[in-house]
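So this one's query18.tsv, TSV, C-alpha atoms:
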```
chain	number	residue	atom	x	y	z
A	27	MET	CA	0.00	0.00	0.00
A	28	SER	CA	1.76	3.12	-1.24
A	29	LEU	CA	1.37	6.58	0.27
A	30	LYS	CA	-0.33	7.48	-3.01
A	31	GLU	CA	-2.46	4.35	-2.70
A	32	SER	CA	-3.40	5.44	0.83
A	33	GLN	CA	-4.37	8.79	-0.67
A	34	ASP	CA	-6.48	7.01	-3.31
A	35	ARG	CA	-8.28	4.92	-0.70
A	36	VAL	CA	-9.09	8.08	1.27
A	37	ASP	CA	-10.27	9.80	-1.91
A	38	GLU	CA	-12.53	6.90	-2.83
A	39	TRP	CA	-14.16	7.17	0.60
A	40	VAL	CA	-14.49	10.96	0.53
A	41	GLN	CA	-15.93	11.01	-3.00
A	42	GLN	CA	-19.02	9.12	-1.76
A	43	TYR	CA	-20.14	12.17	0.17
A	44	LYS	CA	-21.56	15.54	-0.85
A	45	MET	CA	-19.34	17.41	1.60
A	46	GLY	CA	-16.04	16.77	-0.19
A	47	TYR	CA	-12.77	17.88	1.32
A	48	TRP	CA	-12.71	20.51	4.03
A	49	LYS	CA	-10.68	23.71	3.62
A	50	PRO	CA	-6.96	23.44	4.41
A	51	HIS	CA	-7.27	25.29	7.74
A	52	GLU	CA	-10.14	23.03	8.76
A	53	ILE	CA	-8.20	19.88	7.90
A	54	PHE	CA	-5.25	21.31	9.81
A	55	ALA	CA	-7.34	21.83	12.95
A	56	ARG	CA	-8.41	18.19	12.63
A	57	LEU	CA	-4.78	17.16	12.14
A	58	ALA	CA	-3.84	18.90	15.41
A	59	GLU	CA	-6.71	17.10	17.14
A	60	GLU	CA	-5.49	13.72	15.88
A	61	VAL	CA	-1.90	14.53	16.87
A	62	GLY	CA	-3.15	15.44	20.33
A	63	GLU	CA	-4.70	11.98	20.57
A	64	VAL	CA	-1.32	10.45	19.71
A	65	GLY	CA	0.13	12.52	22.59
A	66	ARG	CA	-2.53	11.21	24.94
A	67	GLU	CA	-1.69	7.61	23.97
A	68	ILE	CA	2.04	8.29	24.42
A	69	ASN	CA	1.33	9.46	27.98
A	70	HIS	CA	-0.90	6.45	28.59
A	71	GLN	CA	1.64	3.93	27.36
A	72	PHE	CA	4.94	5.51	28.33
A	73	GLY	CA	4.09	8.22	30.81
A	74	PRO	CA	2.38	9.03	34.05
A	75	LYS	CA	-1.08	7.78	33.03
A	76	LYS	CA	-0.16	4.11	32.56
A	77	LYS	CA	-2.90	1.67	31.48
A	78	LYS	CA	-2.97	-1.91	30.30
A	79	ALA	CA	-0.23	-2.31	27.68
A	80	GLY	CA	-2.02	-4.61	25.20
A	81	GLU	CA	-5.03	-2.43	24.56
A	82	GLU	CA	-3.01	0.76	24.31
A	83	GLU	CA	-0.30	-0.52	22.00
A	84	HIS	CA	-3.00	-1.24	19.48
A	85	ASN	CA	-4.53	2.20	19.79
A	86	LEU	CA	-1.26	4.06	19.28
A	87	GLY	CA	-0.98	2.64	15.77
A	88	VAL	CA	-4.57	3.58	14.98
A	89	GLU	CA	-4.09	7.11	16.36
A	90	MET	CA	-1.02	7.45	14.13
A	91	ALA	CA	-2.96	6.14	11.13
A	92	ASP	CA	-5.67	8.73	11.87
A	93	VAL	CA	-2.95	11.38	11.47
A	94	ILE	CA	-1.93	9.81	8.13
A	95	PHE	CA	-5.60	9.70	7.03
A	96	THR	CA	-5.89	13.43	7.78
A	97	LEU	CA	-2.66	14.16	5.91
A	98	CYS	CA	-4.06	12.21	2.93
A	99	CYS	CA	-7.15	14.46	3.00
A	100	LEU	CA	-4.97	17.57	2.97
A	101	ALA	CA	-2.74	16.18	0.22
A	102	ASN	CA	-5.71	15.10	-1.94
A	103	SER	CA	-7.44	18.45	-1.52
A	104	GLN	CA	-4.31	20.19	-2.80
A	105	GLY	CA	-3.24	17.74	-5.50
A	106	ILE	CA	-0.08	16.78	-3.62
A	107	ASN	CA	1.51	13.37	-4.29
A	108	LEU	CA	2.94	12.25	-0.94
A	109	ASN	CA	5.19	9.64	-2.59
A	110	GLU	CA	7.08	12.46	-4.29
A	111	SER	CA	7.19	14.52	-1.09
A	112	PHE	CA	8.45	11.54	0.90
A	113	ASP	CA	11.16	10.90	-1.70
A	114	ARG	CA	12.31	14.47	-1.24
A	115	VAL	CA	12.48	14.02	2.54
A	116	MET	CA	14.59	10.87	2.15
A	117	GLU	CA	16.88	12.69	-0.31
A	118	LYS	CA	17.29	15.41	2.33
A	119	CYS	CA	18.23	12.72	4.88
A	120	TYR	CA	20.89	11.19	2.63
A	121	GLY	CA	22.09	14.60	1.43
A	122	ARG	CA	22.05	17.61	3.73
A	123	ASP	CA	21.60	15.67	6.97
A	124	LYS	CA	23.77	12.66	6.28
A	125	ASP	CA	26.55	13.66	8.72
A	126	ARG	CA	24.28	15.15	11.35
A	127	PHE	CA	24.63	12.16	13.67
A	128	GLU	CA	27.52	9.84	14.46
A	129	LYS	CA	27.58	6.72	12.28
A	130	LYS	CA	27.94	3.20	13.65
B	24	MET	CA	5.77	2.75	-1.88
B	25	SER	CA	3.80	1.23	0.98
B	26	LEU	CA	3.45	2.76	4.43
B	27	LYS	CA	5.48	-0.23	5.62
B	28	GLU	CA	7.98	0.42	2.83
B	29	SER	CA	8.21	4.03	4.00
B	30	GLN	CA	8.88	2.67	7.49
B	31	ASP	CA	11.59	0.40	6.07
B	32	ARG	CA	13.29	3.28	4.24
B	33	VAL	CA	13.31	5.30	7.46
B	34	ASP	CA	14.68	2.31	9.38
B	35	GLU	CA	17.47	1.77	6.84
B	36	TRP	CA	18.50	5.40	7.32
B	37	VAL	CA	18.26	5.35	11.12
B	38	GLN	CA	20.20	2.07	11.43
B	39	GLN	CA	23.32	3.78	10.00
B	40	TYR	CA	23.64	5.81	13.17
B	41	LYS	CA	24.69	5.00	16.72
B	42	MET	CA	21.88	7.07	18.21
B	43	GLY	CA	19.02	4.81	17.09
B	44	TYR	CA	15.41	5.81	17.69
B	45	TRP	CA	14.56	8.44	20.23
B	46	LYS	CA	12.18	7.72	23.11
B	47	PRO	CA	8.45	7.93	22.29
B	48	HIS	CA	7.99	11.25	24.11
B	49	GLU	CA	10.98	12.72	22.29
B	50	ILE	CA	9.68	11.60	18.91
B	51	PHE	CA	6.30	13.03	19.85
B	52	ALA	CA	7.80	16.45	20.64
B	53	ARG	CA	9.44	16.33	17.21
B	54	LEU	CA	6.11	15.31	15.66
B	55	ALA	CA	4.46	18.38	17.18
B	56	GLU	CA	7.27	20.55	15.82
B	57	GLU	CA	6.77	19.15	12.30
B	58	VAL	CA	2.99	19.58	12.55
B	59	GLY	CA	3.56	23.19	13.59
B	60	GLU	CA	5.55	23.68	10.40
B	61	VAL	CA	2.60	22.33	8.41
B	62	GLY	CA	0.46	24.94	10.20
B	63	ARG	CA	2.90	27.68	9.26
B	64	GLU	CA	2.76	26.64	5.58
B	65	ILE	CA	-1.05	26.51	5.69
B	66	ASN	CA	-1.07	30.12	6.91
B	67	HIS	CA	1.47	31.10	4.25
B	68	GLN	CA	-0.46	29.54	1.39
B	69	PHE	CA	-4.07	29.98	2.46
B	70	GLY	CA	-4.01	32.54	5.23
B	71	PRO	CA	-2.93	36.00	6.24
B	72	LYS	CA	0.79	35.48	5.49
B	73	LYS	CA	0.44	34.91	1.74
B	74	LYS	CA	3.61	34.26	-0.28
B	75	LYS	CA	4.31	33.09	-3.80
B	76	ALA	CA	2.10	30.06	-4.46
B	77	GLY	CA	4.55	27.90	-6.47
B	78	GLU	CA	7.28	27.75	-3.88
B	79	GLU	CA	4.93	27.21	-1.01
B	80	GLU	CA	2.83	24.49	-2.60
B	81	HIS	CA	5.98	22.45	-2.90
B	82	ASN	CA	6.95	23.00	0.71
B	83	LEU	CA	3.56	21.98	2.07
B	84	GLY	CA	4.04	18.48	0.68
B	85	VAL	CA	7.51	18.23	2.17
B	86	GLU	CA	6.31	19.48	5.56
B	87	MET	CA	3.60	16.81	5.46
B	88	ALA	CA	6.14	14.15	4.50
B	89	ASP	CA	8.28	15.27	7.45
B	90	VAL	CA	5.29	14.42	9.66
B	91	ILE	CA	5.03	10.98	8.01
B	92	PHE	CA	8.80	10.45	8.46
B	93	THR	CA	8.41	11.21	12.19
B	94	LEU	CA	5.42	8.86	12.45
B	95	CYS	CA	7.52	6.14	10.77
B	96	CYS	CA	10.20	6.65	13.46
B	97	LEU	CA	7.61	6.27	16.21
B	98	ALA	CA	6.05	3.22	14.54
B	99	ASN	CA	9.43	1.54	13.94
B	100	SER	CA	10.57	2.20	17.49
B	101	GLN	CA	7.43	0.44	18.76
B	102	GLY	CA	7.15	-2.37	16.23
B	103	ILE	CA	3.92	-0.97	14.79
B	104	ASN	CA	2.99	-1.84	11.18
B	105	LEU	CA	1.26	1.26	9.81
B	106	ASN	CA	-0.30	-0.69	6.92
B	107	GLU	CA	-2.31	-2.68	9.44
B	108	SER	CA	-3.21	0.45	11.42
B	109	PHE	CA	-4.29	2.26	8.26
B	110	ASP	CA	-6.44	-0.71	7.24
B	111	ARG	CA	-8.18	-0.46	10.61
B	112	VAL	CA	-8.84	3.25	10.08
B	113	MET	CA	-10.37	2.58	6.65
B	114	GLU	CA	-12.52	-0.20	8.15
B	115	LYS	CA	-13.72	2.31	10.74
B	116	CYS	CA	-14.61	4.71	7.91
B	117	TYR	CA	-16.65	2.11	6.02
B	118	GLY	CA	-18.14	0.72	9.23
B	119	ARG	CA	-18.91	2.95	12.18
B	120	ASP	CA	-18.67	6.24	10.31
B	121	LYS	CA	-20.26	5.24	7.00
B	122	ASP	CA	-23.47	7.26	7.55
B	123	ARG	CA	-21.87	10.19	9.33
B	124	PHE	CA	-22.12	12.46	6.30
B	125	GLU	CA	-24.70	12.83	3.55
B	126	LYS	CA	-23.99	10.69	0.48
B	127	LYS	CA	-24.01	12.03	-3.07
C	13	MET	CA	-5.12	37.32	38.37
C	14	SER	CA	-1.56	37.50	37.10
C	15	LEU	CA	0.12	34.85	34.95
C	16	LYS	CA	2.32	34.26	38.01
C	17	GLU	CA	-0.80	34.14	40.17
C	18	SER	CA	-2.25	31.57	37.77
C	19	GLN	CA	0.96	29.61	38.20
C	20	ASP	CA	0.62	29.88	42.00
C	21	ARG	CA	-2.97	28.61	41.91
C	22	VAL	CA	-1.88	25.64	39.83
C	23	ASP	CA	1.02	24.99	42.20
C	24	GLU	CA	-1.24	25.09	45.25
C	25	TRP	CA	-3.43	22.46	43.61
C	26	VAL	CA	-0.54	20.23	42.47
C	27	GLN	CA	1.21	20.39	45.86
C	28	GLN	CA	-1.73	18.54	47.46
C	29	TYR	CA	-0.78	15.40	45.60
C	30	LYS	CA	2.06	12.92	45.95
C	31	MET	CA	2.61	12.75	42.22
C	32	GLY	CA	3.99	16.28	41.82
C	33	TYR	CA	4.77	17.69	38.38
C	34	TRP	CA	5.21	15.37	35.44
C	35	LYS	CA	8.42	15.42	33.39
C	36	PRO	CA	8.68	18.14	30.73
C	37	HIS	CA	8.08	15.74	27.83
C	38	GLU	CA	5.03	14.31	29.58
C	39	ILE	CA	3.58	17.77	30.21
C	40	PHE	CA	4.29	18.63	26.59
C	41	ALA	CA	2.35	15.59	25.34
C	42	ARG	CA	-0.55	16.77	27.51
C	43	LEU	CA	-0.15	20.29	26.12
C	44	ALA	CA	-0.50	18.93	22.58
C	45	GLU	CA	-3.60	17.01	23.65
C	46	GLU	CA	-5.19	20.18	25.07
C	47	VAL	CA	-4.25	22.18	21.96
C	48	GLY	CA	-5.88	19.48	19.86
C	49	GLU	CA	-9.07	20.00	21.85
C	50	VAL	CA	-8.92	23.72	21.05
C	51	GLY	CA	-8.64	22.71	17.37
C	52	ARG	CA	-11.70	20.49	17.67
C	53	GLU	CA	-13.70	23.37	19.19
C	54	ILE	CA	-12.52	25.73	16.44
C	55	ASN	CA	-13.87	23.30	13.85
C	56	HIS	CA	-17.11	22.93	15.79
C	57	GLN	CA	-17.71	26.63	16.10
C	58	PHE	CA	-16.24	28.01	12.91
C	59	GLY	CA	-15.81	25.05	10.62
C	60	PRO	CA	-17.52	22.14	8.98
C	61	LYS	CA	-18.75	20.51	12.21
C	62	LYS	CA	-21.05	23.36	13.30
C	63	LYS	CA	-22.97	22.99	16.56
C	64	LYS	CA	-25.00	25.31	18.72
C	65	ALA	CA	-23.00	28.53	19.17
C	66	GLY	CA	-23.79	29.26	22.83
C	67	GLU	CA	-22.60	26.00	24.26
C	68	GLU	CA	-19.47	25.89	22.15
C	69	GLU	CA	-18.38	29.48	22.74
C	70	HIS	CA	-18.20	28.62	26.39
C	71	ASN	CA	-16.14	25.52	25.82
C	72	LEU	CA	-13.60	27.24	23.62
C	73	GLY	CA	-12.57	29.47	26.53
C	74	VAL	CA	-12.26	26.49	28.85
C	75	GLU	CA	-10.23	24.53	26.29
C	76	MET	CA	-7.91	27.53	26.00
C	77	ALA	CA	-7.64	27.80	29.78
C	78	ASP	CA	-6.74	24.09	29.88
C	79	VAL	CA	-3.79	24.97	27.64
C	80	ILE	CA	-2.79	27.77	30.03
C	81	PHE	CA	-3.14	25.40	33.00
C	82	THR	CA	-0.78	22.95	31.28
C	83	LEU	CA	1.69	25.75	30.49
C	84	CYS	CA	1.58	26.78	34.17
C	85	CYS	CA	2.53	23.19	35.12
C	86	LEU	CA	5.48	23.25	32.74
C	87	ALA	CA	6.57	26.71	33.93
C	88	ASN	CA	6.26	25.76	37.61
C	89	SER	CA	8.17	22.53	37.12
C	90	GLN	CA	11.04	24.50	35.57
C	91	GLY	CA	11.01	27.59	37.80
C	92	ILE	CA	9.94	29.84	34.93
C	93	ASN	CA	8.08	33.09	35.73
C	94	LEU	CA	5.60	33.56	32.87
C	95	ASN	CA	5.11	37.25	33.71
C	96	GLU	CA	8.74	37.86	32.81
C	97	SER	CA	8.49	35.72	29.68
C	98	PHE	CA	5.33	37.50	28.58
C	99	ASP	CA	7.03	40.88	29.11
C	100	ARG	CA	9.81	39.75	26.81
C	101	VAL	CA	7.28	38.75	24.14
C	102	MET	CA	5.60	42.17	24.33
C	103	GLU	CA	9.01	43.87	24.10
C	104	LYS	CA	9.66	41.80	20.96
C	105	CYS	CA	6.31	43.02	19.54
C	106	TYR	CA	7.11	46.67	20.15
C	107	GLY	CA	10.74	46.25	19.08
C	108	ARG	CA	11.71	43.82	16.35
C	109	ASP	CA	8.21	43.31	14.97
C	110	LYS	CA	6.83	46.84	15.29
C	111	ASP	CA	6.86	47.54	11.52
C	112	ARG	CA	5.89	44.05	10.43
C	113	PHE	CA	2.31	45.06	9.62
C	114	GLU	CA	0.75	48.22	8.20
C	115	LYS	CA	-0.35	50.69	10.89
C	116	LYS	CA	-3.77	52.32	10.98
D	20	MET	CA	-0.49	41.06	35.32
D	21	SER	CA	-3.81	39.28	34.98
D	22	LEU	CA	-4.74	36.95	32.12
D	23	LYS	CA	-7.26	39.65	31.17
D	24	GLU	CA	-4.51	42.26	31.49
D	25	SER	CA	-2.34	40.11	29.18
D	26	GLN	CA	-5.26	40.07	26.76
D	27	ASP	CA	-5.53	43.89	27.02
D	28	ARG	CA	-1.82	44.36	26.32
D	29	VAL	CA	-2.13	42.15	23.24
D	30	ASP	CA	-5.23	44.06	22.14
D	31	GLU	CA	-3.47	47.41	22.53
D	32	TRP	CA	-0.69	46.16	20.26
D	33	VAL	CA	-3.02	44.62	17.66
D	34	GLN	CA	-5.26	47.71	17.51
D	35	GLN	CA	-2.35	49.75	16.09
D	36	TYR	CA	-2.54	47.79	12.87
D	37	LYS	CA	-5.00	47.74	9.98
D	38	MET	CA	-4.96	43.96	9.79
D	39	GLY	CA	-6.76	43.32	13.09
D	40	TYR	CA	-7.21	39.79	14.40
D	41	TRP	CA	-6.86	36.84	12.08
D	42	LYS	CA	-9.70	34.35	11.67
D	43	PRO	CA	-9.97	31.65	14.36
D	44	HIS	CA	-8.58	28.90	12.11
D	45	GLU	CA	-5.65	31.11	11.13
D	46	ILE	CA	-4.86	31.90	14.77
D	47	PHE	CA	-5.14	28.21	15.54
D	48	ALA	CA	-2.59	27.30	12.85
D	49	ARG	CA	-0.28	29.87	14.43
D	50	LEU	CA	-0.98	28.40	17.87
D	51	ALA	CA	0.10	24.96	16.62
D	52	GLU	CA	3.26	26.51	15.18
D	53	GLU	CA	4.12	28.12	18.53
D	54	VAL	CA	3.37	24.89	20.40
D	55	GLY	CA	5.68	23.08	18.00
D	56	GLU	CA	8.43	25.51	18.98
D	57	VAL	CA	7.84	24.66	22.64
D	58	GLY	CA	8.26	21.00	21.64
D	59	ARG	CA	11.54	21.79	19.91
D	60	GLU	CA	12.85	23.57	23.03
D	61	ILE	CA	11.75	20.64	25.23
D	62	ASN	CA	13.82	18.31	23.05
D	63	HIS	CA	16.75	20.72	23.14
D	64	GLN	CA	16.73	21.09	26.90
D	65	PHE	CA	15.56	17.69	28.08
D	66	GLY	CA	15.94	15.40	25.10
D	67	PRO	CA	18.28	14.07	22.49
D	68	LYS	CA	19.23	17.46	21.02
D	69	LYS	CA	20.91	18.87	24.14
D	70	LYS	CA	22.36	22.41	24.03
D	71	LYS	CA	23.71	24.80	26.59
D	72	ALA	CA	21.26	24.93	29.49
D	73	GLY	CA	21.37	28.66	30.31
D	74	GLU	CA	20.43	29.95	26.90
D	75	GLU	CA	17.72	27.39	26.40
D	76	GLU	CA	16.00	27.78	29.75
D	77	HIS	CA	15.37	31.36	28.81
D	78	ASN	CA	13.93	30.47	25.44
D	79	LEU	CA	11.51	27.89	26.80
D	80	GLY	CA	9.73	30.59	28.81
D	81	VAL	CA	9.52	32.86	25.78
D	82	GLU	CA	8.22	30.06	23.57
D	83	MET	CA	5.55	29.37	26.19
D	84	ALA	CA	4.67	33.07	26.37
D	85	ASP	CA	4.33	33.08	22.57
D	86	VAL	CA	1.66	30.41	23.02
D	87	ILE	CA	-0.10	32.59	25.62
D	88	PHE	CA	0.16	35.62	23.28
D	89	THR	CA	-1.53	33.58	20.53
D	90	LEU	CA	-4.25	32.39	22.93
D	91	CYS	CA	-4.84	36.04	23.91
D	92	CYS	CA	-5.36	36.87	20.22
D	93	LEU	CA	-7.90	34.07	19.87
D	94	ALA	CA	-9.66	35.05	23.11
D	95	ASN	CA	-9.77	38.74	22.16
D	96	SER	CA	-11.08	38.00	18.69
D	97	GLN	CA	-13.96	36.03	20.23
D	98	GLY	CA	-14.71	38.20	23.27
D	99	ILE	CA	-13.58	35.50	25.68
D	100	ASN	CA	-12.36	36.53	29.17
D	101	LEU	CA	-9.60	34.08	30.05
D	102	ASN	CA	-9.80	34.93	33.76
D	103	GLU	CA	-13.30	33.50	33.83
D	104	SER	CA	-12.26	30.46	31.79
D	105	PHE	CA	-9.27	29.83	34.05
D	106	ASP	CA	-11.52	30.08	37.11
D	107	ARG	CA	-13.72	27.38	35.61
D	108	VAL	CA	-10.70	25.14	35.04
D	109	MET	CA	-9.59	25.54	38.66
D	110	GLU	CA	-13.14	24.80	39.83
D	111	LYS	CA	-13.01	21.62	37.76
D	112	CYS	CA	-9.72	20.71	39.46
D	113	TYR	CA	-11.12	21.17	42.96
D	114	GLY	CA	-14.46	19.59	42.05
D	115	ARG	CA	-14.65	16.76	39.55
D	116	ASP	CA	-10.94	15.92	39.57
D	117	LYS	CA	-10.16	16.40	43.25
D	118	ASP	CA	-9.73	12.68	44.02
D	119	ARG	CA	-8.12	11.73	40.72
D	120	PHE	CA	-4.64	11.49	42.24
D	121	GLU	CA	-3.37	10.29	45.62
D	122	LYS	CA	-3.05	13.08	48.19
D	123	LYS	CA	0.06	13.64	50.29
```
What's the structure tokens form of this structure?
Amino acid sequence: MSLKESQDRVDEWVQQYKMGYWKPHEIFARLAEEVGEVGREINHQFGPKKKKAGEEEHNLGVEMADVIFTLCCLANSQGINLNESFDRVMEKCYGRDKDRFEKK
Amino acid sequence: MSLKESQDRVDEWVQQYKMGYWKPHEIFARLAEEVGEVGREINHQFGPKKKKAGEEEHNLGVEMADVIFTLCCLANSQGINLNESFDRVMEKCYGRDKDRFEKK
Amino acid sequence: MSLKESQDRVDEWVQQYKMGYWKPHEIFARLAEEVGEVGREINHQFGPKKKKAGEEEHNLGVEMADVIFTLCCLANSQGINLNESFDRVMEKCYGRDKDRFEKK
Amino acid sequence: MSLKESQDRVDEWVQQYKMGYWKPHEIFARLAEEVGEVGREINHQFGPKKKKAGEEEHNLGVEMADVIFTLCCLANSQGINLNESFDRVMEKCYGRDKDRFEKK
């Protein structure tokens, strides 16, 4: 499942509905909400609000995937191909940032 | 390029370095920083701080991919397969949330 | 009620409990969670998820005050006086940034 | 300096300019940006990106005050009195949440 394929799956779902994509600022507010839920899970699993590990470990992945879903909405609404963007990030890692940390 | 493949590319890069993955809370603080940079680009492109569209449109994708990169770090550090998590989110969309909005 | 007085009220409450202040990264994860809840309210009141205005207007203030409460925890845990920090921000506004926008 | 007085100082500064307050979603995107900068400082001071302590300790307070400045903008633009909202949060602490943690 490619990032672009993830985008296509989100688009297929969104296109069923009259509402369509929200405005960029609206999607961003939702993104921040989803990121906040990742933060809550981080505190539950690894911080002061410890709960049962099994249940939470599962949720952390889903909270993270909710963030990716929201990013797919933003990307789709703006015609951005996240595969290309991710390639550029990896190029940055192997280029500009390659000596930023000590190698093994 | 699958979400899991994105995770594998991030892992290949991280494994070069002695440092390894940061702790979950540290990765989360970085995640929030990257999300903040998405917010800044949203305001630049669609809000009160307008700049030239071409340059910014490009950056928005890269800022979003920086968020995905950071999520891949968190997922890898915790043994989470984001393909599976994303599948669960899509199942939630077609299940629980399928009548949440008006269909076309 | 001064920012420092807000900090003191938070401290008085926290000092009742054995737990004390969380670690900075843990407070930050909570901060992001509270900010996410502000984002959710923004979308409810001003975005695609409209609800009744009266009820929500109230909540937005409380969600914002939850963010301030969390900042007070972080400041207290680190011996930071937010009055002084806020003064420095206002000095920055009247100094470096004074000609950033067009005056009336 | 009261929360309301902080709001008044922000309002006095904003009222000099033609632009006025941004829309709620725009202020929120800025809020997320400022919160991200708090996250960056947390990682610098307490995480894997350690720097000199003296310089950073100062900045953390200012980054936090930038968040409060942004909240004051949002509150002012919506006619919200943060003193009242903060009172409600403290009431919640002493009411609903009073037995949430173990007392000393």
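You will find CA of Gln35 (chain D) at 22.9 Å from CA of Asn95 (chain C).
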So that each row is one residue of chain B with an atom at most 9 Å from chain C, can you give its shortest atom pair and the distance in Å to one decimal, using all atoms listed in the file, rows by chain and rising number, as CSV?
```
residue,atom,partner,partner_atom,distance
B:His48,CA,C:His37,CA,5.8
B:Glu49,CA,C:His37,CA,6.9
B:Phe51,CA,C:Ala41,CA,7.2
B:Ala52,CA,C:His37,CA,7.2
B:Ala55,CA,C:Ala44,CA,7.4
```
TODO: Would you list the contacts of Cys99 (chain A) as an MDAnalysis selection string, taking every protein, DNA or RNA residue within 9 Å and counting all atoms listed in the file, but skipping same-chain residues closer than 6 positions in sequence?
DONE: chainID A and resid 33 36:37 40 47:48 53
Return chain A as a compact mmCIF listing (two decimals) with C-alpha atoms, in the frame of the given file, after superposing it on chain D by a least-squares fit that covers all C-alpha atoms paired in order.
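Saved to out_33.txt:
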```
# COMPACT_ATOMS: atom_id res chain seq x y z
CA MET A 27 -0.50 41.08 35.32
CA SER A 28 -3.82 39.30 34.98
CA LEU A 29 -4.76 36.97 32.13
CA LYS A 30 -7.27 39.66 31.17
CA GLU A 31 -4.52 42.26 31.49
CA SER A 32 -2.35 40.12 29.20
CA GLN A 33 -5.28 40.09 26.78
CA ASP A 34 -5.54 43.89 27.03
CA ARG A 35 -1.84 44.36 26.34
CA VAL A 36 -2.14 42.15 23.25
CA ASP A 37 -5.23 44.07 22.13
CA GLU A 38 -3.49 47.41 22.53
CA TRP A 39 -0.70 46.15 20.27
CA VAL A 40 -3.02 44.62 17.67
CA GLN A 41 -5.26 47.71 17.50
CA GLN A 42 -2.33 49.74 16.09
CA TYR A 43 -2.51 47.80 12.85
CA LYS A 44 -4.97 47.74 9.97
CA MET A 45 -4.93 43.94 9.79
CA GLY A 46 -6.74 43.31 13.08
CA TYR A 47 -7.20 39.81 14.39
CA TRP A 48 -6.86 36.84 12.08
CA LYS A 49 -9.70 34.33 11.67
CA PRO A 50 -9.96 31.64 14.37
CA HIS A 51 -8.58 28.88 12.12
CA GLU A 52 -5.65 31.09 11.16
CA ILE A 53 -4.84 31.90 14.78
CA PHE A 54 -5.12 28.20 15.55
CA ALA A 55 -2.58 27.29 12.87
CA ARG A 56 -0.26 29.87 14.45
CA LEU A 57 -0.96 28.40 17.89
CA ALA A 58 0.11 24.95 16.64
CA GLU A 59 3.28 26.50 15.21
CA GLU A 60 4.12 28.12 18.55
CA VAL A 61 3.38 24.88 20.42
CA GLY A 62 5.69 23.07 18.03
CA GLU A 63 8.44 25.51 19.00
CA VAL A 64 7.85 24.66 22.66
CA GLY A 65 8.29 20.98 21.68
CA ARG A 66 11.55 21.78 19.94
CA GLU A 67 12.85 23.56 23.06
CA ILE A 68 11.75 20.63 25.26
CA ASN A 69 13.83 18.30 23.08
CA HIS A 70 16.75 20.72 23.16
CA GLN A 71 16.73 21.09 26.93
CA PHE A 72 15.57 17.69 28.11
CA GLY A 73 15.94 15.39 25.14
CA PRO A 74 18.28 14.05 22.53
CA LYS A 75 19.24 17.43 21.04
CA LYS A 76 20.93 18.87 24.14
CA LYS A 77 22.39 22.40 23.94
CA LYS A 78 23.77 24.86 26.44
CA ALA A 79 21.35 24.99 29.38
CA GLY A 80 21.44 28.73 30.15
CA GLU A 81 20.43 29.98 26.74
CA GLU A 82 17.71 27.38 26.29
CA GLU A 83 16.08 27.74 29.69
CA HIS A 84 15.40 31.34 28.81
CA ASN A 85 13.90 30.48 25.45
CA LEU A 86 11.49 27.89 26.82
CA GLY A 87 9.72 30.58 28.83
CA VAL A 88 9.52 32.87 25.81
CA GLU A 89 8.21 30.05 23.60
CA MET A 90 5.53 29.37 26.22
CA ALA A 91 4.66 33.07 26.40
CA ASP A 92 4.33 33.08 22.59
CA VAL A 93 1.65 30.39 23.03
CA ILE A 94 -0.10 32.59 25.64
CA PHE A 95 0.15 35.61 23.29
CA THR A 96 -1.54 33.57 20.55
CA LEU A 97 -4.24 32.39 22.95
CA CYS A 98 -4.84 36.04 23.92
CA CYS A 99 -5.36 36.86 20.22
CA LEU A 100 -7.90 34.06 19.89
CA ALA A 101 -9.66 35.05 23.11
CA ASN A 102 -9.78 38.76 22.17
CA SER A 103 -11.08 38.00 18.69
CA GLN A 104 -13.95 36.03 20.23
CA GLY A 105 -14.70 38.21 23.26
CA ILE A 106 -13.57 35.51 25.69
CA ASN A 107 -12.37 36.55 29.17
CA LEU A 108 -9.60 34.08 30.05
CA ASN A 109 -9.80 34.94 33.77
CA GLU A 110 -13.31 33.50 33.83
CA SER A 111 -12.27 30.47 31.79
CA PHE A 112 -9.29 29.84 34.06
CA ASP A 113 -11.54 30.08 37.13
CA ARG A 114 -13.73 27.40 35.62
CA VAL A 115 -10.72 25.13 35.04
CA MET A 116 -9.61 25.54 38.66
CA GLU A 117 -13.17 24.80 39.85
CA LYS A 118 -13.03 21.62 37.76
CA CYS A 119 -9.74 20.70 39.47
CA TYR A 120 -11.16 21.17 42.97
CA GLY A 121 -14.48 19.57 42.02
CA ARG A 122 -14.65 16.75 39.51
CA ASP A 123 -10.94 15.91 39.55
CA LYS A 124 -10.17 16.40 43.21
CA ASP A 125 -9.74 12.68 43.99
CA ARG A 126 -8.12 11.74 40.70
CA PHE A 127 -4.65 11.48 42.23
CA GLU A 128 -3.41 10.27 45.60
CA LYS A 129 -3.09 13.07 48.17
CA LYS A 130 0.01 13.64 50.28
```
TODO: Write out as a PyMOL selection string each polymer residue whose atoms come within 10 Å of Val90 (chain B), counting all atoms listed in the file; drop sequence neighbours fewer than 3 positions from it.
DONE: (chain A and resi 93-94+97+112) or (chain B and resi 53-61+84-87+93-96)
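All residues of protein, DNA or RNA that reach within 12 Å of Arg123 (chain B), judged by all atoms listed in the file and not counting those fewer than 2 positions away in the chain, are Val40, Gln42, Tyr43, Lys44 and Met45 of chain A; Lys115, Cys116, Tyr117, Gly118, Arg119, Asp120, Lys121, Glu125 and Lys126 of chain B; Lys61 of chain C.
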Task: Shell around Arg32 (chain B) at 8 Å using all atoms listed in the file, local window under 4 positions removed, as a PyMOL selection string - done: (chain A and resi 116) or (chain B and resi 28+36)
Would you mind exporting the chosen residues as an mmCIF file, in the coordinates of the input, restricted to C-alpha atoms?
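What ended up in out08.cif:
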```cif
data_model
loop_
_atom_site.group_PDB
_atom_site.id
_atom_site.type_symbol
_atom_site.label_atom_id
_atom_site.label_comp_id
_atom_site.auth_asym_id
_atom_site.auth_seq_id
_atom_site.Cartn_x
_atom_site.Cartn_y
_atom_site.Cartn_z
ATOM 1 C CA MET A 116 14.590 10.870 2.150
ATOM 2 C CA GLU B 28 7.980 0.420 2.830
ATOM 3 C CA TRP B 36 18.500 5.400 7.320
#
```
